[in-house]
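A.B. asks: run_8.cif (mmCIF, C-alpha atoms) pasted underneath:
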```cif
data_upload
loop_
_atom_site.group_PDB
_atom_site.id
_atom_site.type_symbol
_atom_site.label_atom_id
_atom_site.label_comp_id
_atom_site.auth_asym_id
_atom_site.auth_seq_id
_atom_site.Cartn_x
_atom_site.Cartn_y
_atom_site.Cartn_z
ATOM 1 C CA MET X 1 77.947 152.967 118.293
ATOM 2 C CA GLU X 2 78.683 150.176 120.782
ATOM 3 C CA PRO X 3 81.435 147.848 119.562
ATOM 4 C CA PHE X 4 80.158 144.463 118.364
ATOM 5 C CA ASN X 5 81.341 141.598 120.562
ATOM 6 C CA LEU X 6 80.948 138.126 119.097
ATOM 7 C CA GLU X 7 81.257 136.290 122.408
ATOM 8 C CA ASN X 8 78.681 138.406 124.203
ATOM 9 C CA HIS X 9 76.275 138.304 121.293
ATOM 10 C CA PRO X 10 73.788 135.418 121.121
ATOM 11 C CA LYS X 11 75.077 132.628 118.885
ATOM 12 C CA ILE X 12 74.568 133.485 115.213
ATOM 13 C CA LYS X 13 73.655 130.444 113.119
ATOM 14 C CA SER X 14 74.802 130.006 109.537
ATOM 15 C CA GLY X 15 71.243 130.274 108.223
ATOM 16 C CA PHE X 16 71.691 127.469 105.692
ATOM 17 C CA THR X 17 68.874 124.985 105.163
ATOM 18 C CA THR X 18 68.349 121.925 102.961
ATOM 19 C CA PRO X 19 65.397 120.689 100.886
ATOM 20 C CA GLU X 20 63.000 118.455 102.820
ATOM 21 C CA GLY X 21 64.091 114.813 102.973
ATOM 22 C CA TYR X 22 67.422 115.707 101.390
ATOM 23 C CA PHE X 23 69.599 113.446 103.570
ATOM 24 C CA GLU X 24 67.334 110.391 103.142
ATOM 25 C CA GLN X 25 67.427 110.829 99.362
ATOM 26 C CA PHE X 26 71.151 111.505 99.427
ATOM 27 C CA SER X 27 71.881 108.115 101.031
ATOM 28 C CA GLU X 28 69.912 106.302 98.323
ATOM 29 C CA LYS X 29 71.444 108.379 95.528
ATOM 30 C CA LEU X 30 74.953 107.752 96.810
ATOM 31 C CA LEU X 31 74.538 103.984 97.156
ATOM 32 C CA PHE X 32 73.608 103.848 93.477
ATOM 33 C CA ALA X 33 76.537 106.067 92.532
ATOM 34 C CA ILE X 34 79.071 103.812 94.273
ATOM 35 C CA PRO X 35 80.037 100.583 92.506
ATOM 36 C CA LYS X 36 78.892 97.565 94.558
ATOM 37 C CA GLU X 37 82.118 95.705 94.333
ATOM 38 C CA GLU X 38 85.279 97.159 92.965
ATOM 39 C CA LYS X 39 87.122 94.326 91.330
ATOM 40 C CA PRO X 40 90.885 94.677 91.427
ATOM 41 C CA VAL X 41 92.400 95.279 88.012
ATOM 42 C CA ILE X 42 94.732 92.414 87.111
ATOM 43 C CA SER X 43 96.949 92.841 84.100
ATOM 44 C CA ILE X 44 96.907 90.152 81.391
ATOM 45 C CA PHE X 45 100.574 89.407 82.145
ATOM 46 C CA THR X 46 99.844 88.583 85.813
ATOM 47 C CA ARG X 47 96.856 86.422 84.928
ATOM 48 C CA LYS X 48 98.697 84.382 82.258
ATOM 49 C CA LYS X 49 102.068 84.536 83.976
ATOM 50 C CA LYS X 50 102.710 80.763 83.798
ATOM 51 C CA TRP X 51 101.970 80.648 80.095
ATOM 52 C CA PHE X 52 104.164 83.675 79.404
ATOM 53 C CA MET X 53 107.021 82.061 81.303
ATOM 54 C CA ALA X 54 106.615 78.728 79.479
ATOM 55 C CA VAL X 55 106.639 80.414 76.055
ATOM 56 C CA ALA X 56 109.643 82.532 77.074
ATOM 57 C CA ALA X 57 111.556 79.419 78.202
ATOM 58 C CA ILE X 58 110.848 77.633 74.884
ATOM 59 C CA LEU X 59 111.959 80.681 72.914
ATOM 60 C CA ILE X 60 115.186 80.963 74.903
ATOM 61 C CA LEU X 61 115.946 77.265 74.369
ATOM 62 C CA GLY X 62 115.217 77.652 70.645
ATOM 63 C CA ILE X 63 117.624 80.563 70.390
ATOM 64 C CA MET X 64 120.273 78.663 72.348
ATOM 65 C CA ILE X 65 120.252 75.521 70.092
ATOM 66 C CA PRO X 66 122.792 76.797 67.484
ATOM 67 C CA PHE X 67 125.202 77.847 70.247
ATOM 68 C CA LEU X 68 124.832 74.578 72.156
ATOM 69 C CA SER X 69 125.387 72.418 69.076
ATOM 70 C CA LYS X 70 128.459 74.462 68.097
ATOM 71 C CA ASN X 71 130.001 73.968 71.524
ATOM 72 C CA SER X 72 129.348 70.236 71.497
ATOM 73 C CA SER X 73 131.019 69.797 68.065
ATOM 74 C CA GLU X 74 134.084 71.618 69.313
ATOM 75 C CA SER X 75 134.433 69.385 72.308
ATOM 76 C CA GLN X 76 134.377 66.303 70.138
ATOM 77 C CA SER X 77 137.681 67.005 68.338
ATOM 78 C CA LEU X 78 139.645 63.750 68.235
ATOM 79 C CA ASP X 79 143.196 63.194 69.198
ATOM 80 C CA SER X 80 145.270 60.768 67.088
ATOM 81 C CA ALA X 81 145.683 58.183 69.893
ATOM 82 C CA SER X 82 141.917 57.773 70.268
ATOM 83 C CA LEU X 83 141.527 57.415 66.516
ATOM 84 C CA GLU X 84 144.279 54.833 66.397
ATOM 85 C CA ASN X 85 142.702 52.812 69.192
ATOM 86 C CA TYR X 86 139.322 52.978 67.538
ATOM 87 C CA LEU X 87 140.672 51.731 64.237
ATOM 88 C CA ALA X 88 142.624 48.977 65.955
ATOM 89 C CA TYR X 89 139.934 47.583 68.246
ATOM 90 C CA GLN X 90 136.501 48.900 67.372
ATOM 91 C CA THR X 91 136.243 48.523 63.592
ATOM 92 C CA THR X 92 136.253 45.692 61.179
ATOM 93 C CA ILE X 93 139.082 47.183 59.154
ATOM 94 C CA SER X 94 141.787 44.538 58.899
ATOM 95 C CA PRO X 95 145.512 45.332 59.196
ATOM 96 C CA GLU X 96 145.839 44.283 55.539
ATOM 97 C CA GLU X 97 143.346 46.910 54.460
ATOM 98 C CA LEU X 98 145.182 49.542 56.481
ATOM 99 C CA VAL X 99 148.536 48.515 54.922
ATOM 100 C CA SER X 100 147.093 48.754 51.436
ATOM 101 C CA LEU X 101 146.298 52.396 52.146
ATOM 102 C CA LEU X 102 149.911 53.188 52.977
ATOM 103 C CA ASP X 103 152.431 54.219 50.314
ATOM 104 C CA GLU X 104 156.262 53.852 50.316
ATOM 105 C CA LYS X 105 156.840 57.085 52.194
ATOM 106 C CA ASP X 106 154.406 56.128 54.987
ATOM 107 C CA ILE X 107 156.150 52.775 55.458
ATOM 108 C CA GLU X 108 159.546 54.438 55.627
ATOM 109 C CA ALA X 109 158.214 56.911 58.173
ATOM 110 C CA ILE X 110 156.881 54.098 60.346
ATOM 111 C CA GLU X 111 160.230 52.279 60.181
ATOM 112 C CA THR X 112 162.042 55.484 61.178
ATOM 113 C CA ASP X 113 159.603 56.132 64.059
ATOM 114 C CA LEU X 114 159.922 52.608 65.396
ATOM 115 C CA ASN X 115 163.746 52.582 65.039
ATOM 116 C CA LEU X 116 163.996 48.883 65.849
ATOM 117 C CA ASP X 117 167.279 47.322 66.787
ATOM 118 C CA ASP X 118 168.084 43.630 66.211
ATOM 119 C CA ALA X 119 167.849 42.622 69.866
ATOM 120 C CA THR X 120 164.308 43.947 70.136
ATOM 121 C CA VAL X 121 163.242 42.171 66.958
ATOM 122 C CA GLU X 122 164.797 38.928 68.197
ATOM 123 C CA SER X 123 163.072 39.046 71.591
ATOM 124 C CA ALA X 124 159.755 39.803 69.946
ATOM 125 C CA LEU X 125 160.081 36.924 67.513
ATOM 126 C CA SER X 126 161.224 34.450 70.184
ATOM 127 C CA GLY X 127 158.106 35.222 72.266
ATOM 128 C CA ASN X 128 155.770 34.565 69.362
ATOM 129 C CA ASN X 129 154.308 31.048 69.444
ATOM 130 C CA TYR X 130 153.167 31.233 65.869
ATOM 131 C CA LEU X 131 156.586 32.070 64.450
ATOM 132 C CA GLU X 132 157.027 28.643 62.914
ATOM 133 C CA ASN X 133 153.738 28.907 61.091
ATOM 134 C CA TYR X 134 154.741 32.296 59.655
ATOM 135 C CA ILE X 135 158.124 30.911 58.457
ATOM 136 C CA THR X 136 156.454 27.845 56.859
ATOM 137 C CA GLU X 137 154.028 30.081 54.996
ATOM 138 C CA MET R 1 82.529 104.351 117.022
ATOM 139 C CA LEU R 2 84.368 102.220 119.563
ATOM 140 C CA ASP R 3 86.573 100.222 117.276
ATOM 141 C CA GLU R 4 87.338 102.160 114.124
ATOM 142 C CA GLN R 5 89.562 99.476 112.612
ATOM 143 C CA ALA R 6 86.799 96.851 112.932
ATOM 144 C CA PHE R 7 84.352 99.310 111.370
ATOM 145 C CA ILE R 8 86.736 99.985 108.472
ATOM 146 C CA GLN R 9 87.050 96.238 107.894
ATOM 147 C CA GLU R 10 83.254 96.039 107.699
ATOM 148 C CA LEU R 11 83.329 98.812 105.102
ATOM 149 C CA LEU R 12 85.882 96.910 103.022
ATOM 150 C CA ASP R 13 84.201 93.497 103.248
ATOM 151 C CA PRO R 14 81.680 93.111 100.380
ATOM 152 C CA LYS R 15 79.361 91.129 102.713
ATOM 153 C CA THR R 16 79.063 93.904 105.307
ATOM 154 C CA GLN R 17 79.860 96.870 103.056
ATOM 155 C CA ASN R 18 76.330 98.142 102.387
ATOM 156 C CA LYS R 19 75.281 98.116 106.013
ATOM 157 C CA ALA R 20 78.535 99.686 107.197
ATOM 158 C CA PHE R 21 78.326 102.413 104.580
ATOM 159 C CA GLN R 22 74.783 103.232 105.702
ATOM 160 C CA VAL R 23 76.111 103.623 109.245
ATOM 161 C CA LEU R 24 78.928 105.856 107.992
ATOM 162 C CA LEU R 25 76.476 108.010 106.077
ATOM 163 C CA SER R 26 73.969 108.338 108.899
ATOM 164 C CA SER R 27 76.768 109.323 111.302
ATOM 165 C CA TYR R 28 78.621 111.778 109.107
ATOM 166 C CA GLN R 29 76.522 113.040 106.186
ATOM 167 C CA LYS R 30 74.918 115.938 108.116
ATOM 168 C CA PRO R 31 78.067 117.360 109.771
ATOM 169 C CA ILE R 32 80.088 116.881 106.572
ATOM 170 C CA TYR R 33 77.318 118.551 104.535
ATOM 171 C CA ASN R 34 77.283 121.527 106.923
ATOM 172 C CA HIS R 35 81.053 121.787 106.695
ATOM 173 C CA ILE R 36 80.977 121.773 102.882
ATOM 174 C CA ARG R 37 78.024 124.169 102.741
ATOM 175 C CA ASN R 38 79.848 126.646 104.965
ATOM 176 C CA ILE R 39 82.650 126.677 102.405
ATOM 177 C CA VAL R 40 80.753 126.619 99.094
ATOM 178 C CA LEU R 41 77.622 128.459 100.419
ATOM 179 C CA ASN R 42 75.231 127.194 97.722
ATOM 180 C CA HIS R 43 73.113 124.047 98.314
ATOM 181 C CA ASP R 44 73.474 122.544 94.829
ATOM 182 C CA ASP R 45 77.233 122.928 94.967
ATOM 183 C CA ALA R 46 77.323 121.450 98.472
ATOM 184 C CA ASP R 47 75.284 118.470 97.201
ATOM 185 C CA ASP R 48 77.814 117.834 94.390
ATOM 186 C CA VAL R 49 80.795 118.154 96.706
ATOM 187 C CA LEU R 50 79.193 115.912 99.357
ATOM 188 C CA GLN R 51 78.652 113.186 96.772
ATOM 189 C CA ASN R 52 82.223 113.505 95.464
ATOM 190 C CA THR R 53 83.510 113.379 99.022
ATOM 191 C CA PHE R 54 81.772 110.102 99.908
ATOM 192 C CA ILE R 55 82.709 108.501 96.583
ATOM 193 C CA LYS R 56 86.327 109.434 97.258
ATOM 194 C CA VAL R 57 86.060 108.094 100.811
ATOM 195 C CA PHE R 58 84.758 104.781 99.465
ATOM 196 C CA GLN R 59 87.453 104.542 96.798
ATOM 197 C CA HIS R 60 90.321 105.332 99.171
ATOM 198 C CA LEU R 61 89.086 103.458 102.218
ATOM 199 C CA LYS R 62 91.451 100.542 101.494
ATOM 200 C CA ASN R 63 94.384 102.976 101.725
ATOM 201 C CA PHE R 64 93.232 104.429 105.052
ATOM 202 C CA LYS R 65 95.979 103.469 107.506
ATOM 203 C CA GLY R 66 94.185 104.516 110.667
ATOM 204 C CA GLU R 67 96.988 106.953 111.530
ATOM 205 C CA SER R 68 94.346 109.623 112.117
ATOM 206 C CA LYS R 69 90.743 109.300 113.211
ATOM 207 C CA LEU R 70 88.165 108.400 110.558
ATOM 208 C CA PHE R 71 86.362 111.629 111.493
ATOM 209 C CA SER R 72 89.460 113.764 110.757
ATOM 210 C CA TRP R 73 90.147 111.892 107.526
ATOM 211 C CA LEU R 74 86.562 112.511 106.298
ATOM 212 C CA TYR R 75 86.764 116.209 107.137
ATOM 213 C CA ARG R 76 90.129 116.509 105.412
ATOM 214 C CA ILE R 77 88.770 114.975 102.193
ATOM 215 C CA ALA R 78 85.629 117.143 102.372
ATOM 216 C CA THR R 79 87.688 120.321 102.930
ATOM 217 C CA ASN R 80 89.984 119.586 99.990
ATOM 218 C CA GLU R 81 87.049 118.720 97.735
ATOM 219 C CA ALA R 82 85.140 121.884 98.678
ATOM 220 C CA ILE R 83 88.111 124.249 98.203
ATOM 221 C CA THR R 84 89.105 122.593 94.911
ATOM 222 C CA PHE R 85 85.495 122.854 93.707
ATOM 223 C CA LEU R 86 85.234 126.512 94.689
ATOM 224 C CA ASN R 87 88.523 127.471 92.999
ATOM 225 C CA ALA R 88 87.625 125.554 89.814
ATOM 226 C CA LYS R 89 84.200 127.221 89.654
ATOM 227 C CA ALA R 90 85.729 130.683 90.174
ATOM 228 C CA LYS R 91 88.207 129.971 87.375
ATOM 229 C CA ARG R 92 85.410 128.820 85.029
ATOM 230 C CA ASN R 93 83.638 132.130 85.725
ATOM 231 C CA GLY R 94 86.817 134.097 85.054
ATOM 232 C CA LYS R 95 87.000 135.444 88.627
ATOM 233 C CA THR R 96 89.391 135.218 91.543
ATOM 234 C CA SER R 97 88.243 133.037 94.460
ATOM 235 C CA GLU R 98 87.651 136.194 96.577
ATOM 236 C CA ASP R 99 85.489 137.922 93.908
ATOM 237 C CA PHE R 100 83.568 134.726 93.256
ATOM 238 C CA GLN R 101 82.849 134.336 96.971
ATOM 239 C CA GLN R 102 81.575 137.921 97.208
ATOM 240 C CA LYS R 103 79.204 137.184 94.338
ATOM 241 C CA GLN R 104 78.029 133.998 96.105
ATOM 242 C CA ILE R 105 77.276 136.082 99.234
ATOM 243 C CA GLU R 106 75.241 138.543 97.169
ATOM 244 C CA ASN R 107 73.289 135.625 95.715
ATOM 245 C CA LEU R 108 72.429 134.333 99.215
ATOM 246 C CA THR R 109 69.494 136.763 99.524
ATOM 247 C CA ALA R 110 67.853 135.068 96.539
ATOM 248 C CA ASP R 111 68.766 131.535 97.720
ATOM 249 C CA SER R 112 65.679 129.598 98.774
ATOM 250 C CA TYR R 113 67.828 127.459 101.098
ATOM 251 C CA PHE R 114 69.219 130.405 103.057
ATOM 252 C CA GLU R 115 66.980 131.635 105.811
ATOM 253 C CA GLY R 116 69.398 134.038 107.406
ATOM 254 C CA ASP R 117 68.313 137.389 108.766
ATOM 255 C CA GLU R 118 70.207 140.665 108.392
ATOM 256 C CA ILE R 119 72.854 139.872 111.008
ATOM 257 C CA GLN R 120 73.470 136.384 109.620
ATOM 258 C CA LEU R 121 74.007 137.843 106.154
ATOM 259 C CA LYS R 122 76.293 140.511 107.585
ATOM 260 C CA LEU R 123 78.349 137.838 109.350
ATOM 261 C CA GLN R 124 78.710 135.898 106.068
ATOM 262 C CA LYS R 125 79.909 139.087 104.345
ATOM 263 C CA ALA R 126 82.432 139.719 107.121
ATOM 264 C CA ILE R 127 83.756 136.125 106.907
ATOM 265 C CA ALA R 128 84.145 136.379 103.112
ATOM 266 C CA LEU R 129 86.648 139.212 103.584
ATOM 267 C CA LEU R 130 89.022 137.047 105.650
ATOM 268 C CA PRO R 131 92.003 135.137 104.233
ATOM 269 C CA GLU R 132 91.111 131.541 103.230
ATOM 270 C CA LYS R 133 92.736 129.834 106.245
ATOM 271 C CA GLN R 134 91.129 132.214 108.759
ATOM 272 C CA GLN R 135 87.734 131.695 107.107
ATOM 273 C CA LEU R 136 88.131 127.942 107.429
ATOM 274 C CA VAL R 137 89.214 128.062 111.067
ATOM 275 C CA PHE R 138 86.455 130.497 112.015
ATOM 276 C CA LYS R 139 83.674 128.524 110.297
ATOM 277 C CA MET R 140 84.816 125.194 111.747
ATOM 278 C CA ARG R 141 85.176 126.611 115.260
ATOM 279 C CA TYR R 142 82.225 129.002 115.422
ATOM 280 C CA PHE R 143 79.494 127.311 113.337
ATOM 281 C CA GLU R 144 80.565 123.656 113.534
ATOM 282 C CA GLU R 145 82.037 123.871 117.064
ATOM 283 C CA ILE R 146 84.899 121.469 116.313
ATOM 284 C CA LYS R 147 87.464 121.200 119.133
ATOM 285 C CA TYR R 148 90.897 122.729 118.554
ATOM 286 C CA GLU R 149 92.578 119.308 118.935
ATOM 287 C CA ASP R 150 90.414 117.853 116.165
ATOM 288 C CA LEU R 151 90.886 120.977 114.047
ATOM 289 C CA SER R 152 94.628 120.521 114.424
ATOM 290 C CA GLU R 153 94.417 116.952 113.092
ATOM 291 C CA ILE R 154 92.132 117.933 110.196
ATOM 292 C CA LEU R 155 94.054 121.003 109.056
ATOM 293 C CA GLY R 156 97.551 119.837 110.007
ATOM 294 C CA THR R 157 98.186 123.026 112.017
ATOM 295 C CA SER R 158 99.241 123.388 115.659
ATOM 296 C CA VAL R 159 96.589 124.231 118.251
ATOM 297 C CA GLY R 160 98.457 127.457 119.093
ATOM 298 C CA ALA R 161 98.450 128.634 115.475
ATOM 299 C CA LEU R 162 94.753 127.762 115.162
ATOM 300 C CA LYS R 163 93.870 129.760 118.282
ATOM 301 C CA ALA R 164 95.813 132.744 116.920
ATOM 302 C CA SER R 165 94.045 132.395 113.561
ATOM 303 C CA TYR R 166 90.620 132.299 115.234
ATOM 304 C CA HIS R 167 91.461 135.276 117.430
ATOM 305 C CA HIS R 168 92.490 137.369 114.389
ATOM 306 C CA ALA R 169 89.360 136.307 112.524
ATOM 307 C CA VAL R 170 87.084 137.307 115.438
ATOM 308 C CA LYS R 171 88.748 140.714 115.747
ATOM 309 C CA LYS R 172 88.307 141.449 112.016
ATOM 310 C CA ILE R 173 84.697 140.249 112.062
ATOM 311 C CA GLU R 174 83.863 142.351 115.116
ATOM 312 C CA GLU R 175 85.423 145.372 113.427
ATOM 313 C CA TYR R 176 83.359 144.830 110.281
ATOM 314 C CA MET R 177 80.143 144.240 112.250
ATOM 315 C CA THR R 178 80.706 147.432 114.271
ATOM 316 C CA LYS R 179 81.349 149.594 111.203
ATOM 317 C CA ASN R 180 78.554 148.271 109.006
#
```
Would you give me this structure, written as structure tokens?
C.D. replies:
Amino acid sequence: MEPFNLENHPKIKSGFTTPEGYFEQFSEKLLFAIPKEEKPVISIFTRKKKWFMAVAAILILGIMIPFLSKNSSESQSLDSASLENYLAYQTTISPEELVSLLDEKDIEAIETDLNLDDATVESALSGNNYLENYITE
Amino acid sequence: MLDEQAFIQELLDPKTQNKAFQVLLSSYQKPIYNHIRNIVLNHDDADDVLQNTFIKVFQHLKNFKGESKLFSWLYRIATNEAITFLNAKAKRNGKTSEDFQQKQIENLTADSYFEGDEIQLKLQKAIALLPEKQQLVFKMRYFEEIKYEDLSEILGTSVGALKASYHHAVKKIEEYMTKN
């Protein structure tokens, strides 16, 4: 038998056929099968992003309130000098009222703290224009 | 198609989409059908795979970067779809891909959409005995007459390797045709 040679042999076709009008019908069938417009899928988070962020900010602030108020109360601790100044200049508490609140020990402590000598007392009294009034009273 | 990128833009734009898709179909549906049919052999199966192929093309068009030709990209999708379909169908029938293909060849004589004579049927039988890659290369080169350069882009194989594959396929086919 003579060996078969594909190149020398007339072209062999596949032999496959299609139903009549198949390609025309296929185009129509396919256009129905494909969605006209594929809308991009957007997640609810992306769409309502601004609202999510606003709510998150409010929640964070709400959680932070106890910490903020605690910090502010700490920073307001008073030193004795400020308190003294306030009582002396900013309130209606008279020196007499303050004195009435002091007991013997407090007065002694003040005298010890001041540790006044006679010369200082004399110079203070000599500079006071109302000294005569005080003596008369 | 002179400007593929412009054509792809027309396919993606909802205003021009329908018309552009019609052009795509009229240009490619016949060669892509023939390519699929050569792999799956049966018309009904080829019809299913062709539809899946164009739906996939439409869905992935926005991801097409234009790195290869539209033609190569279409053939690549069609090839993958056809082979996946064939393997899945063989598995459903509890057969290996090779056994399933032999059965498909036997069924060709009763297929109303196969008008092959004795030698055409013999050629199909000879092809079915080849390894999958050689079958693909032979069918695409011999029946579809696709150039080696395009084949290389579609199958991702060097031209040299494709020529070797085709040469081996021809030798085996000639041997089968001589003996039978």
A.B. asks: Report, in Å with one decimal, the straight-line distance from atom CA of Asn18 of chain R to atom CA of Ile83 of chain R.
C.D. replies: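 Between atom CA of Asn18 of chain R and atom CA of Ile83 of chain R the gap is 28.9 Å.
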A.B. asks: Should the cut-off be 9 Å, what would the residue list for chain R against chain X look like, counting all atoms listed in the file, as a VMD selection string?
C.D. replies: chain R and resid 14 17 to 18 21 to 22 25 to 26 29 to 30 34 37 to 38 41 to 43 47 51 54 to 55 58 to 59 112 to 117 119 to 121 123 to 124 142 to 143 170 to 171 173 to 179
A.B. asks: Quick check on the file I pasted: which residues fall under the PyMOL selection byres ((chain R and resi 39) around 12)? Write them as a PyMOL selection string.
C.D. replies: (chain X and resi 14+16) or (chain R and resi 32-38+40-43+45-46+49-50+78-87+97+101+104-105+124+127-128+132-140+143-144)
A.B. asks: For atom CA of Asn180 of chain R and atom CA of His167 of chain R, determine how far apart the two atoms are, in Å to one decimal place.
C.D. replies: 20.2 Å
A.B. asks: By how many Å are atom CA of Pro31 of chain R and atom CA of Glu4 of chain R apart?
C.D. replies: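 Here the two named atoms are 18.3 Å from each other.
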A.B. asks: Evaluate the PyMOL selection byres ((chain R and resi 73) around 12) on the structure here and hand back the selected residues as a tab-separated table (two decimals) with C-alpha atoms, in the coordinates of the input.
C.D. replies:
```
chain	number	residue	atom	x	y	z
R	28	TYR	CA	78.62	111.78	109.11
R	32	ILE	CA	80.09	116.88	106.57
R	53	THR	CA	83.51	113.38	99.02
R	54	PHE	CA	81.77	110.10	99.91
R	56	LYS	CA	86.33	109.43	97.26
R	57	VAL	CA	86.06	108.09	100.81
R	60	HIS	CA	90.32	105.33	99.17
R	61	LEU	CA	89.09	103.46	102.22
R	63	ASN	CA	94.38	102.98	101.72
R	64	PHE	CA	93.23	104.43	105.05
R	65	LYS	CA	95.98	103.47	107.51
R	66	GLY	CA	94.18	104.52	110.67
R	67	GLU	CA	96.99	106.95	111.53
R	68	SER	CA	94.35	109.62	112.12
R	69	LYS	CA	90.74	109.30	113.21
R	70	LEU	CA	88.16	108.40	110.56
R	71	PHE	CA	86.36	111.63	111.49
R	72	SER	CA	89.46	113.76	110.76
R	74	LEU	CA	86.56	112.51	106.30
R	75	TYR	CA	86.76	116.21	107.14
R	76	ARG	CA	90.13	116.51	105.41
R	77	ILE	CA	88.77	114.98	102.19
R	78	ALA	CA	85.63	117.14	102.37
R	79	THR	CA	87.69	120.32	102.93
R	80	ASN	CA	89.98	119.59	99.99
R	150	ASP	CA	90.41	117.85	116.16
R	151	LEU	CA	90.89	120.98	114.05
R	152	SER	CA	94.63	120.52	114.42
R	153	GLU	CA	94.42	116.95	113.09
R	154	ILE	CA	92.13	117.93	110.20
R	155	LEU	CA	94.05	121.00	109.06
R	156	GLY	CA	97.55	119.84	110.01
```
A.B. asks: Centre and edge lengths of an axis-aligned box around all listed atoms of segment 59-72 of chain R, with 6 Å added on each side, are to be given in Å to one decimal, as AutoDock Vina command-line options.
C.D. replies:
```
--center_x 91.7 --center_y 107.2 --center_z 105.0 --size_x 22.6 --size_y 25.2 --size_z 28.4
```
A.B. asks: Could you complete segment 18-35 of chain R so that it carries N, CA and C atoms, and give it back as a short mmCIF file (atom, residue, chain, number, x, y, z; two decimals), keeping the file's coordinate frame?
C.D. replies:
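Everything below was put into result_18.cif:
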```cif
data_model
loop_
_atom_site.label_atom_id
_atom_site.label_comp_id
_atom_site.auth_asym_id
_atom_site.auth_seq_id
_atom_site.Cartn_x
_atom_site.Cartn_y
_atom_site.Cartn_z
N ASN R 18 77.53 97.30 102.52
CA ASN R 18 76.33 98.14 102.39
C ASN R 18 75.85 98.67 103.72
N LYS R 19 75.78 97.75 104.69
CA LYS R 19 75.28 98.12 106.01
C LYS R 19 76.23 99.11 106.69
N ALA R 20 77.53 98.82 106.57
CA ALA R 20 78.54 99.69 107.20
C ALA R 20 78.53 101.07 106.56
N PHE R 21 78.33 101.11 105.25
CA PHE R 21 78.33 102.41 104.58
C PHE R 21 77.10 103.24 104.99
N GLN R 22 76.00 102.55 105.21
CA GLN R 22 74.78 103.23 105.70
C GLN R 22 75.06 103.87 107.06
N VAL R 23 75.78 103.11 107.91
CA VAL R 23 76.11 103.62 109.24
C VAL R 23 77.02 104.85 109.12
N LEU R 24 77.99 104.74 108.22
CA LEU R 24 78.93 105.86 107.99
C LEU R 24 78.17 107.11 107.54
N LEU R 25 77.26 106.89 106.60
CA LEU R 25 76.48 108.01 106.08
C LEU R 25 75.60 108.64 107.15
N SER R 26 74.89 107.78 107.90
CA SER R 26 73.97 108.34 108.90
C SER R 26 74.74 109.07 110.00
N SER R 27 75.99 108.64 110.26
CA SER R 27 76.77 109.32 111.30
C SER R 27 77.37 110.63 110.82
N TYR R 28 77.80 110.64 109.56
CA TYR R 28 78.62 111.78 109.11
C TYR R 28 78.01 112.67 108.02
N GLN R 29 76.95 112.23 107.34
CA GLN R 29 76.52 113.04 106.19
C GLN R 29 76.07 114.45 106.57
N LYS R 30 75.38 114.60 107.72
CA LYS R 30 74.92 115.94 108.12
C LYS R 30 76.08 116.87 108.50
N PRO R 31 76.96 116.44 109.44
CA PRO R 31 78.07 117.36 109.77
C PRO R 31 78.98 117.65 108.59
N ILE R 32 79.21 116.65 107.74
CA ILE R 32 80.09 116.88 106.57
C ILE R 32 79.39 117.82 105.57
N TYR R 33 78.06 117.64 105.42
CA TYR R 33 77.32 118.55 104.54
C TYR R 33 77.44 119.99 105.05
N ASN R 34 77.21 120.18 106.35
CA ASN R 34 77.28 121.53 106.92
C ASN R 34 78.66 122.15 106.72
N HIS R 35 79.67 121.32 106.87
CA HIS R 35 81.05 121.79 106.70
C HIS R 35 81.27 122.25 105.25
#
```
